[in-house]
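Undergrad: I am sharing query-v9.cif, which consists of mmCIF, C-alpha atoms:
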```cif
data_upload
loop_
_atom_site.group_PDB
_atom_site.id
_atom_site.type_symbol
_atom_site.label_atom_id
_atom_site.label_comp_id
_atom_site.auth_asym_id
_atom_site.auth_seq_id
_atom_site.Cartn_x
_atom_site.Cartn_y
_atom_site.Cartn_z
ATOM 1 C CA MET B 1 79.536 4.510 11.072
ATOM 2 C CA ALA B 2 79.390 0.750 10.733
ATOM 3 C CA GLU B 3 81.384 -0.631 7.860
ATOM 4 C CA VAL B 4 79.182 -2.168 5.219
ATOM 5 C CA ARG B 5 80.495 -5.697 4.907
ATOM 6 C CA LYS B 6 80.589 -7.774 1.767
ATOM 7 C CA SER B 7 78.424 -10.801 2.164
ATOM 8 C CA MET B 8 76.459 -13.220 0.062
ATOM 9 C CA ILE B 9 73.371 -15.362 0.476
ATOM 10 C CA LYS B 10 73.194 -18.340 -1.866
ATOM 11 C CA ILE B 11 70.180 -20.572 -2.369
ATOM 12 C CA LYS B 12 70.973 -24.038 -3.697
ATOM 13 C CA PRO B 13 69.722 -25.203 -6.075
ATOM 14 C CA LYS B 14 69.097 -21.959 -7.982
ATOM 15 C CA LYS B 15 65.776 -23.250 -9.336
ATOM 16 C CA TYR B 16 63.228 -24.413 -6.767
ATOM 17 C CA LYS B 17 59.471 -24.822 -6.286
ATOM 18 C CA VAL B 18 57.184 -24.227 -3.340
ATOM 19 C CA GLY B 19 57.663 -27.187 -0.992
ATOM 20 C CA ASP B 20 61.292 -27.840 -1.958
ATOM 21 C CA ILE B 21 63.904 -27.974 0.786
ATOM 22 C CA VAL B 22 66.843 -25.837 -0.299
ATOM 23 C CA LYS B 23 70.231 -25.025 1.209
ATOM 24 C CA VAL B 24 70.738 -21.458 2.320
ATOM 25 C CA ASP B 25 74.417 -20.506 2.436
ATOM 26 C CA PHE B 26 75.691 -17.304 3.993
ATOM 27 C CA ILE B 27 79.270 -16.086 3.582
ATOM 28 C CA VAL B 28 80.604 -12.804 4.928
ATOM 29 C CA ILE B 29 83.970 -11.075 4.733
ATOM 30 C CA HIS B 30 85.018 -10.699 8.370
ATOM 31 C CA PRO B 31 88.415 -11.149 10.086
ATOM 32 C CA MET B 32 87.074 -13.290 12.968
ATOM 33 C CA ASP B 33 90.109 -12.214 14.999
ATOM 34 C CA THR B 34 90.507 -14.278 18.174
ATOM 35 C CA GLY B 35 92.161 -11.521 20.170
ATOM 36 C CA MET B 36 95.249 -13.687 20.558
ATOM 37 C CA GLN B 37 97.182 -12.803 17.429
ATOM 38 C CA LYS B 38 99.720 -10.077 16.814
ATOM 39 C CA ASP B 39 99.397 -7.634 13.956
ATOM 40 C CA LYS B 40 102.466 -8.436 11.873
ATOM 41 C CA LYS B 41 103.004 -4.786 10.987
ATOM 42 C CA THR B 42 102.555 -3.090 14.348
ATOM 43 C CA GLY B 43 103.526 -5.939 16.657
ATOM 44 C CA LYS B 44 100.465 -5.215 18.797
ATOM 45 C CA ILE B 45 97.751 -7.731 19.646
ATOM 46 C CA LYS B 46 94.762 -7.469 17.330
ATOM 47 C CA PRO B 47 91.675 -7.120 19.551
ATOM 48 C CA ALA B 48 89.066 -9.862 19.295
ATOM 49 C CA HIS B 49 86.747 -9.041 16.418
ATOM 50 C CA TYR B 50 84.327 -11.746 15.424
ATOM 51 C CA ILE B 51 80.705 -12.198 14.404
ATOM 52 C CA ASP B 52 78.765 -13.316 17.451
ATOM 53 C CA SER B 53 75.138 -13.532 16.434
ATOM 54 C CA ILE B 54 73.169 -14.217 13.236
ATOM 55 C CA THR B 55 69.427 -14.333 12.515
ATOM 56 C CA PHE B 56 67.958 -15.757 9.318
ATOM 57 C CA SER B 57 64.400 -14.552 8.589
ATOM 58 C CA PHE B 58 61.869 -15.025 5.823
ATOM 59 C CA ASP B 59 59.625 -11.992 5.288
ATOM 60 C CA GLY B 60 60.445 -10.802 8.785
ATOM 61 C CA GLN B 61 59.886 -14.173 10.500
ATOM 62 C CA PRO B 62 63.087 -15.646 12.027
ATOM 63 C CA PHE B 63 63.627 -19.289 11.118
ATOM 64 C CA THR B 64 67.186 -19.845 12.329
ATOM 65 C CA THR B 65 69.404 -18.053 14.810
ATOM 66 C CA MET B 66 73.074 -18.653 15.435
ATOM 67 C CA LYS B 67 75.573 -17.899 18.158
ATOM 68 C CA VAL B 68 79.126 -17.686 16.872
ATOM 69 C CA TRP B 69 82.518 -17.560 18.563
ATOM 70 C CA GLU B 70 86.045 -16.699 17.504
ATOM 71 C CA SER B 71 86.853 -20.365 16.726
ATOM 72 C CA VAL B 72 84.930 -20.010 13.475
ATOM 73 C CA SER B 73 87.145 -19.371 10.438
ATOM 74 C CA THR B 74 87.897 -15.972 8.932
ATOM 75 C CA ASN B 75 85.373 -14.940 6.256
ATOM 76 C CA PRO B 76 82.905 -17.350 7.817
ATOM 77 C CA TYR B 77 80.547 -19.661 6.017
ATOM 78 C CA PHE B 78 77.262 -20.937 7.429
ATOM 79 C CA SER B 79 74.679 -23.220 5.859
ATOM 80 C CA VAL B 80 71.226 -24.474 6.868
ATOM 81 C CA ASN B 81 68.219 -25.953 5.087
ATOM 82 C CA TYR B 82 64.965 -24.104 4.432
ATOM 83 C CA LYS B 83 61.592 -25.238 3.060
ATOM 84 C CA ILE B 84 60.278 -22.892 0.399
ATOM 85 C CA THR B 85 56.779 -21.648 1.258
ATOM 86 C CA GLY B 86 56.346 -19.002 -1.427
ATOM 87 C CA LYS B 87 57.682 -15.802 -2.890
ATOM 88 C CA GLY B 88 59.395 -13.461 -0.455
ATOM 89 C CA LYS B 89 62.721 -12.375 0.949
ATOM 90 C CA ILE B 90 65.321 -14.065 3.110
ATOM 91 C CA THR B 91 67.171 -11.616 5.350
ATOM 92 C CA VAL B 92 70.317 -12.348 7.334
ATOM 93 C CA ASP B 93 70.977 -9.931 10.192
ATOM 94 C CA TYR B 94 74.285 -10.279 11.990
ATOM 95 C CA THR B 95 76.211 -8.546 14.747
ATOM 96 C CA ASP B 96 79.790 -8.775 15.925
ATOM 97 C CA ASN B 97 81.436 -8.439 19.330
ATOM 98 C CA GLN B 98 82.464 -4.862 18.571
ATOM 99 C CA GLY B 99 78.845 -3.800 18.119
ATOM 100 C CA GLU B 100 78.714 -3.778 14.335
ATOM 101 C CA LYS B 101 75.285 -4.579 12.933
ATOM 102 C CA ASN B 102 74.799 -5.610 9.318
ATOM 103 C CA SER B 103 72.110 -7.083 7.139
ATOM 104 C CA LYS B 104 71.859 -8.841 3.792
ATOM 105 C CA SER B 105 68.781 -9.899 1.854
ATOM 106 C CA LYS B 106 67.958 -12.146 -1.043
ATOM 107 C CA LYS B 107 64.676 -12.525 -2.925
ATOM 108 C CA VAL B 108 63.047 -15.938 -2.919
ATOM 109 C CA LYS B 109 61.429 -16.621 -6.297
ATOM 110 C CA PRO B 110 60.005 -20.125 -6.568
ATOM 111 C CA LYS B 111 59.094 -21.428 -9.984
ATOM 112 C CA GLY B 112 55.713 -23.121 -9.595
ATOM 113 C CA MET V 1 123.686 -43.464 45.531
ATOM 114 C CA LYS V 2 123.705 -46.660 43.518
ATOM 115 C CA ARG V 3 123.956 -46.377 39.705
ATOM 116 C CA ARG V 4 120.433 -47.843 39.188
ATOM 117 C CA GLU V 5 118.847 -45.390 41.582
ATOM 118 C CA PHE V 6 120.728 -42.563 39.915
ATOM 119 C CA ILE V 7 119.460 -43.546 36.418
ATOM 120 C CA GLN V 8 115.884 -44.030 37.669
ATOM 121 C CA GLY V 9 116.172 -40.631 39.260
ATOM 122 C CA ILE V 10 117.105 -39.091 35.918
ATOM 123 C CA PHE V 11 114.121 -40.755 34.210
ATOM 124 C CA ALA V 12 111.814 -39.486 36.924
ATOM 125 C CA VAL V 13 113.096 -35.941 36.496
ATOM 126 C CA SER V 14 112.966 -36.050 32.701
ATOM 127 C CA ALA V 15 109.402 -37.457 32.803
ATOM 128 C CA VAL V 16 108.334 -34.457 34.842
ATOM 129 C CA ALA V 17 110.283 -32.167 32.548
ATOM 130 C CA THR V 18 108.526 -33.488 29.420
ATOM 131 C CA VAL V 19 105.147 -32.895 31.018
ATOM 132 C CA THR V 20 105.872 -29.295 31.919
ATOM 133 C CA PHE V 21 108.243 -28.342 29.123
ATOM 134 C CA PRO V 22 105.744 -28.190 26.221
ATOM 135 C CA ALA V 23 103.562 -25.735 28.138
ATOM 136 C CA THR V 24 106.447 -23.341 28.626
ATOM 137 C CA LEU V 25 107.565 -23.846 25.029
ATOM 138 C CA LEU V 26 104.087 -22.887 23.836
ATOM 139 C CA ALA V 27 104.179 -19.808 26.013
ATOM 140 C CA LYS V 28 107.479 -18.848 24.427
ATOM 141 C CA GLU V 29 106.183 -19.304 20.882
ATOM 142 C CA SER V 30 103.103 -17.159 21.601
ATOM 143 C CA PRO V 31 104.474 -14.744 24.142
ATOM 144 C CA SER V 32 101.676 -12.269 23.598
ATOM 145 C CA VAL V 33 98.476 -13.844 24.875
ATOM 146 C CA THR V 34 97.758 -17.445 25.674
ATOM 147 C CA LYS V 35 94.329 -17.045 27.209
ATOM 148 C CA GLY V 36 91.353 -15.606 25.332
ATOM 149 C CA PRO V 37 88.357 -13.803 26.859
ATOM 150 C CA ASN V 38 85.876 -16.578 26.009
ATOM 151 C CA ASP V 39 88.089 -19.497 27.025
ATOM 152 C CA MET V 40 86.123 -22.512 28.159
ATOM 153 C CA SER V 41 87.064 -26.180 28.153
ATOM 154 C CA PHE V 42 84.956 -28.743 26.323
ATOM 155 C CA GLU V 43 83.837 -30.287 29.623
ATOM 156 C CA GLU V 44 82.730 -26.903 30.926
ATOM 157 C CA ALA V 45 80.945 -26.076 27.675
ATOM 158 C CA LEU V 46 79.140 -29.441 27.723
ATOM 159 C CA LYS V 47 77.971 -28.743 31.282
ATOM 160 C CA VAL V 48 76.837 -25.216 30.462
ATOM 161 C CA ILE V 49 74.976 -26.166 27.271
ATOM 162 C CA THR V 50 73.250 -29.269 28.681
ATOM 163 C CA ASP V 51 72.642 -27.646 32.058
ATOM 164 C CA GLY V 52 74.603 -30.459 33.690
ATOM 165 C CA LYS V 53 72.534 -33.199 32.025
ATOM 166 C CA GLY V 54 75.268 -34.375 29.673
ATOM 167 C CA ALA V 55 74.663 -36.024 26.297
ATOM 168 C CA LYS V 56 74.422 -39.611 24.997
ATOM 169 C CA GLU V 57 76.409 -40.784 22.006
ATOM 170 C CA SER V 58 74.059 -41.191 19.044
ATOM 171 C CA GLU V 59 74.338 -42.593 15.545
ATOM 172 C CA LEU V 60 71.494 -40.299 14.472
ATOM 173 C CA ILE V 61 74.111 -37.584 14.057
ATOM 174 C CA LYS V 62 76.212 -37.659 10.920
ATOM 175 C CA LEU V 63 79.263 -35.472 11.500
ATOM 176 C CA THR V 64 81.431 -34.836 8.456
ATOM 177 C CA VAL V 65 84.919 -33.410 8.956
ATOM 178 C CA PRO V 66 88.172 -34.080 7.128
ATOM 179 C CA GLU V 67 90.388 -36.791 8.653
ATOM 180 C CA ILE V 68 93.393 -34.603 7.987
ATOM 181 C CA ALA V 69 93.156 -30.812 7.769
ATOM 182 C CA GLU V 70 96.007 -29.327 5.764
ATOM 183 C CA ASN V 71 95.020 -25.921 7.026
ATOM 184 C CA GLY V 72 93.820 -25.753 10.623
ATOM 185 C CA ALA V 73 92.449 -22.268 9.959
ATOM 186 C CA VAL V 74 89.675 -23.539 7.698
ATOM 187 C CA VAL V 75 88.238 -26.915 8.658
ATOM 188 C CA PRO V 76 84.837 -27.658 7.091
ATOM 189 C CA VAL V 77 82.251 -29.149 9.446
ATOM 190 C CA LYS V 78 78.906 -30.580 8.360
ATOM 191 C CA VAL V 79 76.260 -31.898 10.731
ATOM 192 C CA ASN V 80 73.164 -33.805 9.623
ATOM 193 C CA VAL V 81 70.765 -35.225 12.193
ATOM 194 C CA ASP V 82 68.391 -38.001 11.191
ATOM 195 C CA TYR V 83 65.449 -36.692 13.210
ATOM 196 C CA PRO V 84 62.037 -35.185 12.417
ATOM 197 C CA MET V 85 61.588 -31.434 12.153
ATOM 198 C CA THR V 86 57.907 -31.042 12.986
ATOM 199 C CA PRO V 87 56.203 -28.624 15.368
ATOM 200 C CA THR V 88 55.923 -31.417 17.958
ATOM 201 C CA GLN V 89 59.278 -33.150 17.484
ATOM 202 C CA SER V 90 62.431 -31.510 16.233
ATOM 203 C CA VAL V 91 66.091 -30.720 16.660
ATOM 204 C CA LYS V 92 66.236 -27.493 18.637
ATOM 205 C CA ALA V 93 69.915 -26.760 18.228
ATOM 206 C CA ILE V 94 73.142 -28.074 16.752
ATOM 207 C CA HIS V 95 76.202 -26.999 18.719
ATOM 208 C CA VAL V 96 79.632 -27.372 17.110
ATOM 209 C CA LEU V 97 82.450 -27.662 19.635
ATOM 210 C CA ASN V 98 86.136 -28.488 19.669
ATOM 211 C CA THR V 99 88.190 -30.182 22.351
ATOM 212 C CA ALA V 100 91.534 -28.392 22.390
ATOM 213 C CA ASN V 101 91.155 -24.744 21.409
ATOM 214 C CA GLY V 102 91.102 -22.274 24.306
ATOM 215 C CA ASN V 103 87.409 -21.757 23.631
ATOM 216 C CA ALA V 104 85.608 -25.042 23.019
ATOM 217 C CA ARG V 105 82.602 -23.348 21.473
ATOM 218 C CA CYS V 106 82.628 -22.738 17.725
ATOM 219 C CA ALA V 107 79.024 -22.047 16.690
ATOM 220 C CA ASP V 108 75.434 -22.942 17.606
ATOM 221 C CA ALA V 109 72.541 -23.105 15.144
ATOM 222 C CA MET V 110 69.092 -22.851 16.748
ATOM 223 C CA LEU V 111 66.738 -24.455 14.230
ATOM 224 C CA THR V 112 62.978 -24.412 13.721
ATOM 225 C CA PRO V 113 60.571 -26.636 11.758
ATOM 226 C CA ALA V 114 60.895 -24.136 8.866
ATOM 227 C CA ASN V 115 64.376 -25.573 8.258
ATOM 228 C CA ALA V 116 62.654 -28.901 7.434
ATOM 229 C CA LYS V 117 65.953 -30.758 7.909
ATOM 230 C CA ALA V 118 68.353 -30.744 10.857
ATOM 231 C CA TYR V 119 71.486 -29.629 9.073
ATOM 232 C CA PHE V 120 74.192 -27.102 9.869
ATOM 233 C CA ALA V 121 77.527 -26.519 8.198
ATOM 234 C CA THR V 122 80.332 -24.094 8.887
ATOM 235 C CA ARG V 123 84.121 -23.809 8.838
ATOM 236 C CA VAL V 124 86.174 -23.686 12.014
ATOM 237 C CA LYS V 125 89.698 -23.004 13.249
ATOM 238 C CA LEU V 126 91.497 -25.815 15.036
ATOM 239 C CA SER V 127 94.687 -24.950 16.909
ATOM 240 C CA LYS V 128 96.009 -28.517 16.677
ATOM 241 C CA THR V 129 94.906 -32.125 16.251
ATOM 242 C CA GLN V 130 91.726 -32.616 18.293
ATOM 243 C CA GLU V 131 88.105 -33.668 18.100
ATOM 244 C CA VAL V 132 85.209 -31.756 16.641
ATOM 245 C CA VAL V 133 82.005 -32.478 18.551
ATOM 246 C CA ALA V 134 78.424 -32.138 17.330
ATOM 247 C CA LEU V 135 76.173 -31.676 20.359
ATOM 248 C CA VAL V 136 72.489 -31.760 19.481
ATOM 249 C CA GLU V 137 69.558 -30.554 21.558
ATOM 250 C CA LEU V 138 66.216 -32.275 20.934
ATOM 251 C CA SER V 139 62.763 -30.875 21.563
ATOM 252 C CA ASP V 140 62.207 -33.366 24.395
ATOM 253 C CA GLY V 141 64.977 -31.639 26.323
ATOM 254 C CA THR V 142 67.577 -34.353 25.895
ATOM 255 C CA PHE V 143 70.972 -34.002 24.270
ATOM 256 C CA ILE V 144 72.845 -36.353 21.960
ATOM 257 C CA LYS V 145 76.365 -36.046 20.587
ATOM 258 C CA THR V 146 79.059 -37.498 18.418
ATOM 259 C CA ALA V 147 82.712 -36.614 17.866
ATOM 260 C CA LYS V 148 85.349 -37.077 15.204
ATOM 261 C CA SER V 149 89.071 -36.535 15.347
ATOM 262 C CA VAL V 150 90.756 -34.146 12.914
ATOM 263 C CA LYS V 151 94.504 -34.318 12.391
ATOM 264 C CA VAL V 152 95.857 -30.801 11.966
ATOM 265 C CA THR V 153 99.190 -30.306 10.254
ATOM 266 C CA ILE V 154 99.335 -26.504 10.430
ATOM 267 C CA GLY V 155 97.562 -25.044 13.455
ATOM 268 C CA GLY V 156 94.804 -22.566 12.697
ATOM 269 C CA CYS V 157 94.938 -20.002 15.445
ATOM 270 C CA GLY V 158 97.745 -17.760 14.216
#
```
Could you rewrite the structure in this file as structure tokens?
TA:
Amino acid sequence: MAEVRKSMIKIKPKKYKVGDIVKVDFIVIHPMDTGMQKDKKTGKIKPAHYIDSITFSFDGQPFTTMKVWESVSTNPYFSVNYKITGKGKITVDYTDNQGEKNSKSKKVKPKG
Amino acid sequence: MKRREFIQGIFAVSAVATVTFPATLLAKESPSVTKGPNDMSFEEALKVITDGKGAKESELIKLTVPEIAENGAVVPVKVNVDYPMTPTQSVKAIHVLNTANGNARCADAMLTPANAKAYFATRVKLSKTQEVVALVELSDGTFIKTAKSVKVTIGGCG
């Protein structure tokens, strides 16, 4: 069973109207192991384990996709802009090189 | 052998030794694995991404990275491209690369007009002092790029 990862979608600023261009930040707890480091406890190489693909969608419509490699930092952070078109939901779907699939959503509630 | 030839000979040998020595020293410090599964040089990555077309330097790209990274494991990278984001003219993708990790590719953001601005930020690992490169694909099929050097005091690859 895939581990449910802790992640967070942040919309900045918190208050926005239809037509505003906001920042959408996504942070997820993930080791982003390069496959070249030793586990300090066991002495064995930790296999590569990193997020490799992310899709940002609004109400089911993708608006940004990302390809990610192991050179991205542990507990990675990603940020893009998005123009608010109305009420709805932003969903971030992401996969990692070990086949894990996860998803996180956040409601979009424009004021005016 | 004359004394001068002898000394020049020593310099020649030590010059060769300094070129090869660091590589073996690195291998000793990381005896486990020195080559990752995705390893690709920056030049190779540039060729692959631009399909051999290469990229022109452009001031339209604003690349923000720290001059000195205290921690090579977490280096913030921000890319802003001063370019329209309309259905007919837009930035298709922002590729963040490095020049001295085993794998030059860090992350790619494929954007759409819904983003409204060509912006992408993330945090990367840098194994040592090197350049971070923002390689940008435009809707007309051309590529532009810019690079900035980051001094790394503590390497970020473990």
Undergrad: For Ile51 in chain B, work out the shell of residues within 10 Å, counting only C-alpha atoms and skipping chain neighbours fewer than 5 positions away, then give it as a ChimeraX atom specification.
TA: /B:28,30-33,67-70,72,74-76,94-101
Undergrad: Just the residues within 9 Å of Lys148 in chain V, please, counting all atoms listed in the file, with nothing from its chain fewer than 6 positions along; format it as a ChimeraX atom specification.
TA: /V:63-65,67,130-134
Undergrad: Give me, as JSON lines, the closest atom pair and its distance (Å, one decimal) for every residue of chain B within a cut-off of 8 Å of chain V, counting all atoms listed in the file, rows sorted by chain and rising number.
TA:
```
{"residue": "B:Ile21", "atom": "CA", "partner": "V:Ala116", "partner_atom": "CA", "distance": 6.8}
{"residue": "B:Thr34", "atom": "CA", "partner": "V:Gly36", "partner_atom": "CA", "distance": 7.3}
{"residue": "B:Gly35", "atom": "CA", "partner": "V:Gly36", "partner_atom": "CA", "distance": 6.6}
{"residue": "B:Met36", "atom": "CA", "partner": "V:Val33", "partner_atom": "CA", "distance": 5.4}
{"residue": "B:Gln37", "atom": "CA", "partner": "V:Gly158", "partner_atom": "CA", "distance": 5.9}
{"residue": "B:Lys38", "atom": "CA", "partner": "V:Ser32", "partner_atom": "CA", "distance": 7.4}
{"residue": "B:Ile45", "atom": "CA", "partner": "V:Ser32", "partner_atom": "CA", "distance": 7.2}
{"residue": "B:Phe63", "atom": "CA", "partner": "V:Thr112", "partner_atom": "CA", "distance": 5.8}
{"residue": "B:Thr64", "atom": "CA", "partner": "V:Leu111", "partner_atom": "CA", "distance": 5.0}
{"residue": "B:Thr65", "atom": "CA", "partner": "V:Met110", "partner_atom": "CA", "distance": 5.2}
{"residue": "B:Met66", "atom": "CA", "partner": "V:Ala109", "partner_atom": "CA", "distance": 4.5}
{"residue": "B:Lys67", "atom": "CA", "partner": "V:Asp108", "partner_atom": "CA", "distance": 5.1}
{"residue": "B:Val68", "atom": "CA", "partner": "V:Ala107", "partner_atom": "CA", "distance": 4.4}
{"residue": "B:Trp69", "atom": "CA", "partner": "V:Cys106", "partner_atom": "CA", "distance": 5.2}
{"residue": "B:Glu70", "atom": "CA", "partner": "V:Cys106", "partner_atom": "CA", "distance": 6.9}
{"residue": "B:Ser71", "atom": "CA", "partner": "V:Cys106", "partner_atom": "CA", "distance": 4.9}
{"residue": "B:Val72", "atom": "CA", "partner": "V:Val124", "partner_atom": "CA", "distance": 4.1}
{"residue": "B:Ser73", "atom": "CA", "partner": "V:Val124", "partner_atom": "CA", "distance": 4.7}
{"residue": "B:Thr74", "atom": "CA", "partner": "V:Ala73", "partner_atom": "CA", "distance": 7.8}
{"residue": "B:Pro76", "atom": "CA", "partner": "V:Arg123", "partner_atom": "CA", "distance": 6.7}
{"residue": "B:Tyr77", "atom": "CA", "partner": "V:Thr122", "partner_atom": "CA", "distance": 5.3}
{"residue": "B:Phe78", "atom": "CA", "partner": "V:Thr122", "partner_atom": "CA", "distance": 4.6}
{"residue": "B:Ser79", "atom": "CA", "partner": "V:Ala121", "partner_atom": "CA", "distance": 4.9}
{"residue": "B:Val80", "atom": "CA", "partner": "V:Phe120", "partner_atom": "CA", "distance": 5.0}
{"residue": "B:Asn81", "atom": "CA", "partner": "V:Asn115", "partner_atom": "CA", "distance": 5.0}
{"residue": "B:Tyr82", "atom": "CA", "partner": "V:Asn115", "partner_atom": "CA", "distance": 4.1}
{"residue": "B:Lys83", "atom": "CA", "partner": "V:Ala116", "partner_atom": "CA", "distance": 5.8}
```
Undergrad: Please indicate the distance in Å from CA of Ser57 in chain B to CA of Thr91 in chain B, rounded to one decimal place.
TA: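 About the pair CA of Ser57 in chain B and CA of Thr91 in chain B: they are 5.2 Å apart.
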Undergrad: Report, in Å to a single decimal, how far apart CA of Pro66 in chain V and CA of Asp82 in chain V are.
TA: 20.6 Å
Undergrad: For Lys17 in chain B, find every residue with an atom within 8 Å (counting only C-alpha atoms), except residues of its own chain fewer than 3 positions away, and show them as a JSON list (two decimals) with C-alpha atoms, keeping the file's coordinate frame.
TA:
```
[["chain", "number", "residue", "atom", "x", "y", "z"],
["B", 20, "ASP", "CA", 61.29, -27.84, -1.96],
["B", 84, "ILE", "CA", 60.28, -22.89, 0.40],
["B", 110, "PRO", "CA", 60.00, -20.12, -6.57],
["B", 111, "LYS", "CA", 59.09, -21.43, -9.98],
["B", 112, "GLY", "CA", 55.71, -23.12, -9.60]]
```
Undergrad: Mind giving me the straight-line distance from CA of Lys6 in chain B to CA of Ala69 in chain V in Å, one decimal?
TA: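 Computing the Euclidean distance for CA of Lys6 in chain B and CA of Ala69 in chain V yields 26.9 Å.
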Undergrad: Taking only C-alpha atoms into account, which of B:Lys109, B:Asp93, B:Lys104, B:Thr85 comes nearest Val18 in chain B?
TA: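 Result for the nearest residue to Val18 in chain B: B:Thr85.
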